[in-house]
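To be precise, the following lines are run-v3.cif, and they hold mmCIF, C-alpha atoms.
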```
data_upload
#
loop_
_atom_site.label_atom_id
_atom_site.label_comp_id
_atom_site.auth_asym_id
_atom_site.auth_seq_id
_atom_site.Cartn_x
_atom_site.Cartn_y
_atom_site.Cartn_z
CA MET A 1 -44.61 -16.37 0.07
CA SER A 2 -41.59 -16.91 -2.17
CA ASP A 3 -38.38 -14.94 -1.91
CA ILE A 4 -38.69 -11.30 -2.98
CA ASN A 5 -36.68 -10.46 -6.10
CA TRP A 6 -35.70 -6.85 -5.39
CA ASP A 7 -34.12 -6.65 -8.86
CA ASP A 8 -37.70 -6.61 -10.21
CA ALA A 9 -38.75 -3.78 -7.88
CA PRO A 10 -39.60 -0.42 -9.44
CA GLU A 11 -36.99 2.21 -8.60
CA ASP A 12 -39.39 4.27 -6.46
CA SER A 13 -40.65 1.31 -4.44
CA THR A 14 -39.62 1.17 -0.79
CA HIS A 15 -41.42 -1.95 0.45
CA TRP A 16 -42.99 -5.28 -0.47
CA ASP A 17 -46.59 -5.66 0.68
CA SER A 18 -46.61 -9.28 1.82
CA SER A 19 -50.42 -9.32 2.08
CA SER A 20 -51.12 -8.08 -1.46
CA CYS A 21 -47.84 -9.38 -2.96
CA VAL A 22 -46.95 -6.10 -4.65
CA PHE A 23 -44.10 -3.60 -4.51
CA CYS A 24 -45.20 -0.34 -2.93
CA ASN A 25 -44.26 2.94 -1.30
CA VAL A 26 -46.15 5.12 1.13
CA LYS A 27 -48.21 6.72 -1.68
CA GLY A 28 -49.20 3.68 -3.74
CA TYR A 29 -48.30 0.33 -5.24
CA TRP A 30 -47.40 -1.37 -8.52
CA ARG A 31 -49.66 -4.00 -10.07
CA GLU A 32 -48.60 -5.62 -13.37
CA GLY A 33 -46.24 -2.75 -14.14
CA ASP A 34 -48.78 0.03 -13.48
CA TYR A 35 -48.50 2.39 -10.53
CA ILE A 36 -51.72 2.83 -8.58
CA SER A 37 -51.76 5.91 -6.36
CA PHE A 38 -53.25 5.21 -2.95
CA ASP A 39 -53.36 7.93 -0.32
CA ASP A 40 -53.62 5.70 2.74
CA GLN A 41 -51.69 2.43 2.75
CA TRP A 42 -53.47 0.19 5.27
CA GLY A 43 -51.33 -0.83 8.19
CA TRP A 44 -48.29 1.14 6.97
CA GLY A 45 -45.37 0.40 9.26
CA SER A 46 -46.71 -3.00 10.31
CA GLU A 47 -45.07 -6.39 9.71
CA ARG A 48 -47.15 -6.62 6.53
CA TYR A 49 -44.62 -4.34 4.77
CA ILE A 50 -41.11 -5.61 4.18
CA ALA A 51 -38.61 -2.78 3.66
CA LYS A 52 -36.48 -2.77 0.55
CA PRO A 53 -32.84 -3.45 1.49
CA VAL A 54 -30.83 -0.25 1.73
CA THR A 55 -27.41 -0.07 0.15
CA LEU A 56 -25.02 1.99 2.27
CA SER A 57 -23.91 4.24 -0.51
CA PRO A 58 -23.10 6.76 -1.67
CA ILE A 59 -20.54 7.56 1.00
CA TYR A 60 -20.63 11.26 1.69
CA THR A 61 -17.40 12.76 0.39
CA GLN A 62 -15.80 16.18 0.53
CA GLU A 63 -16.67 16.59 -3.16
CA LEU A 64 -20.38 16.06 -2.40
CA GLU A 65 -20.19 18.58 0.44
CA ASP A 66 -18.37 21.10 -1.76
CA ASN A 67 -21.13 20.73 -4.37
CA GLY A 68 -23.85 21.39 -1.77
CA SER A 69 -25.17 17.83 -1.72
CA ILE A 70 -27.50 16.75 1.03
CA VAL A 71 -28.21 13.44 2.75
CA GLU A 72 -29.81 10.94 0.36
CA SER A 73 -31.25 7.45 0.92
CA GLY A 74 -28.56 5.04 2.07
CA MET A 75 -26.22 7.72 3.44
CA LEU A 76 -24.97 7.81 6.98
CA PHE A 77 -25.86 10.96 8.90
CA ALA A 78 -25.74 12.36 12.42
CA THR A 79 -28.29 14.18 14.57
CA GLU A 80 -28.10 15.40 18.14
CA ALA A 81 -29.51 11.98 19.14
CA GLY A 82 -26.98 9.79 17.32
CA GLU A 83 -25.83 8.37 13.99
CA TYR A 84 -28.24 6.68 11.56
CA THR A 85 -28.73 5.54 7.97
CA ALA A 86 -31.25 7.45 5.84
CA GLU A 87 -33.81 4.92 4.59
CA TYR A 88 -36.04 7.32 2.66
CA THR A 89 -35.71 10.97 1.77
CA ASN A 90 -37.73 13.67 0.09
CA LYS A 91 -37.25 17.42 -0.30
CA LYS A 92 -38.09 18.13 3.36
CA SER A 93 -37.62 14.94 5.38
CA ILE A 94 -35.39 12.00 6.16
CA VAL A 95 -36.79 8.72 7.49
CA PHE A 96 -34.64 6.30 9.49
CA THR A 97 -35.04 3.48 11.99
CA ASP A 98 -34.02 4.32 15.54
CA GLU A 99 -32.36 2.05 18.12
CA ASP A 100 -35.75 0.68 19.20
CA GLY A 101 -36.83 -0.22 15.64
CA PHE A 102 -39.23 2.70 15.19
CA LEU A 103 -39.40 4.59 11.90
CA ILE A 104 -38.56 8.23 12.62
CA SER A 105 -39.03 11.19 10.27
CA ILE A 106 -37.08 14.41 10.78
CA ASN A 107 -36.59 17.65 8.91
CA ARG A 108 -33.56 17.41 6.60
CA ARG A 109 -31.89 20.44 8.15
CA TYR A 110 -31.32 18.47 11.38
CA ALA A 111 -29.31 15.76 9.58
CA LYS A 112 -25.60 16.28 9.03
CA PRO A 113 -23.82 13.91 6.62
CA ILE A 114 -21.05 11.85 8.11
CA THR A 115 -17.89 12.31 6.10
CA PRO A 116 -15.56 9.34 6.34
CA PRO A 117 -12.13 10.28 7.70
CA LYS A 118 -9.34 10.76 5.19
CA THR A 119 -6.57 8.19 5.08
CA ASP A 120 -2.95 9.27 5.65
CA THR A 121 -2.35 8.90 1.90
CA GLU A 122 -5.32 11.17 1.07
CA LYS A 123 -4.11 13.72 3.63
CA ALA A 124 -0.57 13.66 2.20
CA ILE A 125 -1.88 14.13 -1.35
CA SER A 126 -4.05 17.00 -0.12
CA ASP A 127 -1.00 18.56 1.57
CA PHE A 128 1.00 18.34 -1.66
CA HIS A 129 -1.85 19.99 -3.59
CA CYS A 130 -2.03 22.78 -0.98
CA TYR A 131 1.65 23.52 -1.65
CA GLY A 132 1.03 23.75 -5.40
CA PHE A 133 2.18 20.34 -6.59
CA GLY A 134 -0.32 19.07 -9.13
CA ASP A 135 -0.24 15.48 -10.28
CA GLY A 136 3.53 15.26 -10.70
CA LEU A 137 6.82 16.61 -9.44
CA THR A 138 9.57 18.20 -11.53
CA ALA A 139 13.18 17.94 -10.34
CA LYS A 140 13.01 21.39 -8.74
CA ALA A 141 9.62 20.60 -7.16
CA SER A 142 11.00 17.30 -5.82
CA ILE A 143 13.65 19.18 -3.85
CA LEU A 144 11.00 21.52 -2.41
CA ALA A 145 8.75 18.52 -1.60
CA LEU A 146 11.64 16.84 0.22
CA ASP A 147 12.18 20.04 2.23
CA LEU A 148 8.49 20.08 3.17
CA ILE A 149 8.66 16.43 4.25
CA LYS A 150 11.80 17.10 6.34
CA ALA A 151 9.97 20.02 7.99
CA GLY A 152 7.04 17.72 8.89
CA LYS A 153 4.54 19.68 6.81
CA VAL A 154 3.17 16.71 4.85
CA HIS A 155 0.72 14.60 6.86
CA GLY A 156 1.61 10.95 7.37
CA VAL A 157 5.04 11.22 5.74
CA THR A 158 8.21 10.93 7.80
CA PHE A 159 11.72 11.63 6.56
CA THR A 160 13.99 8.75 7.60
CA GLY A 161 17.25 9.44 5.78
CA GLU A 162 19.06 11.17 2.93
CA SER A 163 18.41 8.48 0.30
#
```
Rewritten as structure tokens:
Amino acid sequence: MSDINWDDAPEDSTHWDSSSCVFCNVKGYWREGDYISFDDQWGWGSERYIAKPVTLSPIYTQELEDNGSIVESGMLFATEAGEYTAEYTNKKSIVFTDEDGFLISINRRYAKPITPPKTDTEKAISDFHCYGFGDGLTAKASILALDLIKAGKVHGVTFTGES
């Protein structure tokens, strides 16, 4: 078998069937550009099927959470059992590989997205926005900002002198 060119893979494909030499997913396969629906992929989960590489993106952000987004393929998420990467998702389920290499499917409601921690810079910017400073500071606002920094109310920023 030659190297698999995943750039040629249909968007909905999840695996390469090394026996039939076709891109496929759990419900069918592609042959010469046509999708053939197939209810029961033979040997699904065996070494015959090579999983499509998963890109670890998008990173779950506060904006996604605020917009009610849910875990999608490639996202990191947590369950009571540990932290995993979602390999496949649908409206009801998330599939991931556990520590022992087994494919596990769970109900989406048990998966909580992992939000990367904010940097000190992001926290400081957030603090400024909480105090009403938009994208810039006027002279009067600069004085108030300096007072907030002196009072230790802006995360990650320390006042070190009068200049």
Task: Reference answer for the PyMOL selection byres ((chain A and resi 13) around 12), as a ChimeraX atom specification - done: /A:6-12,14-17,22-31,33,35-36,49-54,87-88
Open item on the list: Please compute the atom CA of A:Glu72-atom CA of A:Thr85 distance, one decimal, in Å.
Closed with: 9.4 Å
Open item on the list: If we count only C-alpha atoms and set the cut-off at 9 Å, which residues sit around A:Tyr110, ignoring sequence neighbours fewer than 6 positions away in its own chain? Please answer as a PyMOL selection string.
Closed with: chain A and resi 78-80
Task: Option closest in space to A:Glu83, from A:Asp3, A:Ala145, A:Lys112, A:Thr119 [counting all atoms listed in the file] - done: A:Lys112
